[in-house]
Every structure is written in C-alpha cells, then in structure tokens.
$ cat final34.pdb   # PDB, C-alpha atoms and all ligand atoms
ATOM      1  CA  MET M   1     147.343 112.045 124.373
ATOM      2  CA  LYS M   2     146.743 112.981 128.016
ATOM      3  CA  GLN M   3     144.957 116.090 126.830
ATOM      4  CA  ARG M   4     142.551 113.903 124.892
ATOM      5  CA  MET M   5     141.871 111.770 127.974
ATOM      6  CA  ALA M   6     141.181 114.659 130.323
ATOM      7  CA  LEU M   7     138.556 117.253 129.607
ATOM      8  CA  GLN M   8     139.141 119.718 132.375
ATOM      9  CA  GLY M   9     136.852 122.507 133.324
ATOM     10  CA  LEU M  10     134.900 122.496 130.086
ATOM     11  CA  LEU M  11     132.037 120.382 131.330
ATOM     12  CA  GLY M  12     130.040 120.159 134.498
ATOM     13  CA  LEU M  13     126.825 121.770 133.345
ATOM     14  CA  CYS M  14     124.264 122.102 136.143
ATOM     15  CA  VAL M  15     121.001 120.628 134.923
ATOM     16  CA  GLY M  16     118.851 120.839 138.048
ATOM     17  CA  ILE M  17     118.545 119.868 141.678
ATOM     18  CA  GLY M  18     118.691 116.199 142.644
ATOM     19  CA  ALA M  19     117.701 114.243 145.722
ATOM     20  CA  GLY M  20     118.582 115.991 148.967
ATOM     21  CA  GLN M  21     118.686 119.374 147.209
ATOM     22  CA  GLN M  22     122.065 118.653 145.675
ATOM     23  CA  PRO M  23     122.732 119.882 142.146
ATOM     24  CA  ARG M  24     122.477 117.511 139.218
ATOM     25  CA  VAL M  25     125.453 118.108 136.955
ATOM     26  CA  GLN M  26     125.832 116.758 133.438
ATOM     27  CA  VAL M  27     129.406 115.516 133.114
ATOM     28  CA  ALA M  28     129.887 114.130 129.581
ATOM     29  CA  SER M  29     128.622 111.609 127.085
ATOM     30  CA  LYS M  30     129.396 108.024 128.058
ATOM     31  CA  HIS M  31     131.293 107.831 124.744
ATOM     32  CA  TRP M  32     133.921 110.192 126.142
ATOM     33  CA  PHE M  33     135.228 107.450 128.440
ATOM     34  CA  THR M  34     136.904 105.340 125.761
ATOM     35  CA  ARG M  35     139.304 103.391 127.991
ATOM     36  CA  ILE M  36     140.377 102.770 131.577
ATOM     37  CA  TRP M  37     141.395 106.028 133.309
ATOM     38  CA  SER M  38     139.660 108.242 130.725
ATOM     39  CA  HIS M  39     138.220 110.975 132.914
ATOM     40  CA  VAL M  40     136.572 114.355 133.190
ATOM     41  CA  ASN M  41     137.541 116.904 135.837
ATOM     42  CA  PHE M  42     134.951 119.507 136.792
ATOM     43  CA  GLN M  43     133.565 121.391 139.784
ATOM     44  CA  TYR M  44     130.809 120.024 142.002
ATOM     45  CA  LEU M  45     129.516 122.041 144.964
ATOM     46  CA  GLY M  46     132.435 124.395 144.286
ATOM     47  CA  LYS M  47     134.993 121.622 144.761
ATOM     48  CA  PRO M  48     137.229 119.736 142.315
ATOM     49  CA  ALA M  49     135.573 116.534 141.154
ATOM     50  CA  THR M  50     136.328 113.685 138.775
ATOM     51  CA  VAL M  51     134.386 111.044 136.919
ATOM     52  CA  ILE M  52     136.709 108.327 135.658
ATOM     53  CA  ARG M  53     136.449 105.016 133.842
ATOM     54  CA  VAL M  54     137.792 102.274 136.099
ATOM     55  CA  PRO M  55     138.498  98.540 136.015
ATOM     56  CA  LYS M  56     135.616  96.353 137.179
ATOM     57  CA  PRO M  57     135.215  97.101 140.898
ATOM     58  CA  GLN M  58     135.139  94.135 143.303
ATOM     59  CA  PRO M  59     132.507  94.868 144.548
ATOM     60  CA  PRO M  60     131.069  98.102 143.151
ATOM     61  CA  GLY M  61     130.494 100.883 145.685
ATOM     62  CA  PRO M  62     127.943 103.691 145.754
ATOM     63  CA  GLN M  63     130.405 105.884 143.842
ATOM     64  CA  HIS M  64     130.362 103.474 140.876
ATOM     65  CA  LEU M  65     128.080 103.315 137.862
ATOM     66  CA  GLN M  66     127.952 100.332 135.535
ATOM     67  CA  VAL M  67     127.534 101.645 132.003
ATOM     68  CA  GLY M  68     128.049  98.380 130.110
ATOM     69  CA  PRO M  69     129.155  94.765 130.569
ATOM     70  CA  ASP M  70     132.778  95.753 131.201
ATOM     71  CA  PHE M  71     132.346  99.490 131.512
ATOM     72  CA  TYR M  72     132.386 101.091 134.964
ATOM     73  CA  LEU M  73     132.715 104.692 136.052
ATOM     74  CA  ALA M  74     133.598 106.110 139.460
ATOM     75  CA  GLY M  75     132.925 109.611 140.743
ATOM     76  CA  TYR M  76     134.457 111.443 143.689
ATOM     77  CA  LEU M  77     135.411 114.858 144.951
ATOM     78  CA  ARG M  78     139.137 115.560 144.913
ATOM     79  CA  GLU M  79     139.090 117.507 148.155
ATOM     80  CA  CYS M  80     141.347 115.916 150.755
ATOM     81  CA  PRO M  81     139.406 114.944 153.902
ATOM     82  CA  HIS M  82     142.462 115.743 156.041
ATOM     83  CA  ASN M  83     142.658 119.488 155.538
ATOM     84  CA  GLY M  84     140.840 120.334 152.322
ATOM     85  CA  CYS M  85     143.689 120.489 149.811
ATOM     86  CA  GLU M  86     143.048 119.514 146.204
ATOM     87  CA  VAL M  87     143.997 115.912 145.487
ATOM     88  CA  ARG M  88     145.654 115.296 142.104
ATOM     89  CA  PHE M  89     146.512 112.352 139.892
ATOM     90  CA  HIS M  90     149.797 110.840 140.991
ATOM     91  CA  PRO M  91     152.465 111.660 138.392
ATOM     92  CA  SER M  92     154.086 108.209 138.430
ATOM     93  CA  ALA M  93     151.539 105.750 139.851
ATOM     94  CA  GLU M  94     148.582 105.528 137.479
ATOM     95  CA  ASN M  95     146.302 103.859 140.024
ATOM     96  CA  LEU M  96     146.764 106.525 142.710
ATOM     97  CA  LEU M  97     145.919 110.108 143.564
ATOM     98  CA  ILE M  98     148.073 112.205 145.856
ATOM     99  CA  CYS M  99     147.510 115.116 148.183
ATOM    100  CA  TYR M 100     150.631 117.248 148.022
ATOM    101  CA  CYS M 101     149.876 119.034 151.290
ATOM    102  CA  HIS M 102     150.777 116.109 153.550
ATOM    103  CA  GLY M 103     151.185 113.173 151.184
ATOM    104  CA  SER M 104     148.015 111.129 151.604
ATOM    105  CA  LEU M 105     147.374 108.641 148.808
ATOM    106  CA  PHE M 106     143.988 107.586 147.453
ATOM    107  CA  ARG M 107     142.972 104.909 144.958
ATOM    108  CA  ARG M 108     142.086 106.249 141.549
ATOM    109  CA  ALA M 109     139.525 103.475 141.015
ATOM    110  CA  ASP M 110     137.239 104.484 143.882
ATOM    111  CA  GLY M 111     138.738 107.345 145.929
ATOM    112  CA  ARG M 112     139.462 105.117 148.911
ATOM    113  CA  LEU M 113     142.289 106.100 151.244
ATOM    114  CA  GLU M 114     145.424 104.052 150.562
ATOM    115  CA  ALA M 115     147.916 105.646 152.968
ATOM    116  CA  GLY M 116     148.712 108.840 154.834
ATOM    117  CA  VAL M 117     147.396 111.155 157.498
ATOM    118  CA  ALA M 118     143.913 111.564 156.045
ATOM    119  CA  ASN M 119     141.526 109.309 157.922
ATOM    120  CA  GLU M 120     138.694 109.124 155.396
ATOM    121  CA  ASP M 121     138.117 108.247 151.755
ATOM    122  CA  LEU M 122     137.424 110.944 149.182
ATOM    123  CA  PRO M 123     133.715 111.880 149.195
ATOM    124  CA  GLY M 124     131.911 109.793 146.575
ATOM    125  CA  LEU M 125     129.602 111.089 143.866
ATOM    126  CA  ARG M 126     126.366 109.323 143.000
ATOM    127  CA  LEU M 127     126.232 108.889 139.216
ATOM    128  CA  ALA M 128     123.383 108.175 136.812
ATOM    129  CA  LEU M 129     123.037 107.623 133.089
ATOM    130  CA  GLU M 130     120.394 109.769 131.382
ATOM    131  CA  GLY M 131     120.266 108.682 127.776
ATOM    132  CA  GLU M 132     123.929 108.753 126.824
ATOM    133  CA  GLN M 133     124.849 111.457 129.333
ATOM    134  CA  VAL M 134     126.643 110.769 132.599
ATOM    135  CA  VAL M 135     125.120 112.887 135.351
ATOM    136  CA  VAL M 136     126.116 113.517 138.977
ATOM    137  CA  VAL M 137     122.963 113.436 141.084
ATOM    138  CA  GLY M 138     124.481 114.001 144.536
ATOM    139  CA  LEU M 139     127.009 112.850 147.082
ATOM    140  CA  THR M 140     127.001 109.210 148.149
ATOM    141  CA  SER M 141     126.846 110.372 151.766
ATOM    142  CA  ALA M 142     123.592 112.309 151.251
TER     143      ALA M 142
HETATM  144  S1  LIG M 201     145.399 118.034 153.444
HETATM  145 FE1  LIG M 201     145.695 116.185 152.348
HETATM  146  S2  LIG M 201     147.001 115.008 153.563
HETATM  147 FE2  LIG M 201     146.714 116.835 154.677
END
$ encode --input "final34.pdb" --output "structure tokens"
Amino acid sequence: MKQRMALQGLLGLCVGIGAGQQPRVQVASKHWFTRIWSHVNFQYLGKPATVIRVPKPQPPGPQHLQVGPDFYLAGYLRECPHNGCEVRFHPSAENLLICYCHGSLFRRADGRLEAGVANEDLPGLRLALEGEQVVVVGLTSA
C-alpha cells in the first residue's frame, strides 16, 4: 500500500521558469493525493522534494495549497538545513520526518523544525494548481 501512496522519482516534470527564475515543475494530478499523507517525492533544484496531502493547517503557511474544502497540500525540500543531509519520513512516527545524520525532526505537515540541532525549518515550496495539475512554482523564500 505504501508503494501506492508514494510515487518516487517518476514525476517532477519541468514545465518552465516561474517567478524569480525558479523552475516550474509539474508534480502530479490533484487526484493522486487521495488521503492524508499521500505524497509524491521528486527532485527540485537538484534536491529531494515532497508534495504531501496534510490535515487542515492552522493557519496555512506559504508552503500550503488549498485544493478543496478539506483538501490541503504542503510542499518542501527534504534537505536538512543543518548540514544538507536528506531528510526522510520517520519510520515509526507518521507525523514526522527525520534527518539521520544528527537526528533533527521536522513536522510532516509543514516541514517545520520539531527538535534537534538544525536551527531552521525545511525550505518551503510554493505550489499552484493549473487545471488538475499540482505545480511547484518556486521556493517560499524567493
Ligand atoms: S544534517 Fe540534519 S541534523 Fe545535521
């Protein structure tokens, strides 16, 4: 079932250049994200990235996209701000991500730092809906 929830490396089609000269990348159809934590892993700016369906954020941040009345996505890079290691889904805590290099924990719902030696959140992705396609249009920091 996990294989059906995660489409890794198959998507992430560059479809142009967005604001600030950052690439626009088509991630997947909105219909891919059938339930909370359904996600797509791909590369953005040469770094591991994820778009994931999340519970309703309180409040939504710039890394969130509301797709429907109770349908929210979040996008972030999975590059640890501490020393650049790849951050992965925590194997036993479904609401967390973990950096195995030094143990920092991040929230799966928005990429915010939860604990550890990293001193920043994961870089957010700015998302847009073009028709039924979810597209990354840049970093939230740009
Ligand atoms: S590189 Fe991630 S905690 Fe150090």
$ resolve_selection --input "final34.pdb" --expression "the PyMOL selection byres (((chain M and resi 81-84) around 7) and not hetatm)" --output "NGL selection string"
:M and (79-80 or 85-86 or 117-120 or 122)
$ residues_around --input "final34.pdb" --residues "stretch 123-140 of chain M" --least-positions-apart "6" --cutoff "10 Å" --atoms "only C-alpha atoms" --output "PyMOL selection string"
chain M and resi 12-32+44-45+49-51+61-67+73-81+110-112
$ closest_residue --input "final34.pdb" --among "M:His90, M:His102, M:Arg108, M:His39" --to "ligand LIG 201 (chain M)" --atoms "all atoms listed in the file"
M:His102
$ axis_aligned_box --input "final34.pdb" --around "ligand LIG 201 (chain M)" --padding-each-side "5 Å" --output "AutoDock Vina command-line options"
--center_x 146.2 --center_y 116.5 --center_z 153.5 --size_x 11.6 --size_y 13.0 --size_z 12.3
$ atom_distance --input "final34.pdb" --atom1 "atom CA of M:Gly46" --atom2 "atom CA of M:Phe106"
20.6 Å
$ closest_residue --input "final34.pdb" --among "M:Ala93, M:Cys99, M:Arg107, M:Gln43" --to "ligand LIG 201 (chain M)" --atoms "all atoms listed in the file"
M:Cys99
$ atom_distance --input "final34.pdb" --atom1 "atom CA of M:Ala109" --atom2 "atom CA of M:Val40"
13.7 Å
$ atom_distance --input "final34.pdb" --atom1 "atom CA of M:Phe33" --atom2 "atom CA of M:Gly116"
29.7 Å
$ closest_residue --input "final34.pdb" --among "M:Pro57, M:Leu113, M:Lys47, M:Arg35" --to "M:Leu96" --atoms "only C-alpha atoms"
M:Leu113
$ closest_residue --input "final34.pdb" --among "M:Pro91, M:Tyr72, M:Gln58, M:Pro48" --to "M:Thr34" --atoms "only C-alpha atoms"
M:Tyr72
$ closest_residue --input "final34.pdb" --among "M:Gly68, M:Arg53, M:Arg88, M:Asn41" --to "M:Cys101" --atoms "all atoms listed in the file"
M:Arg88
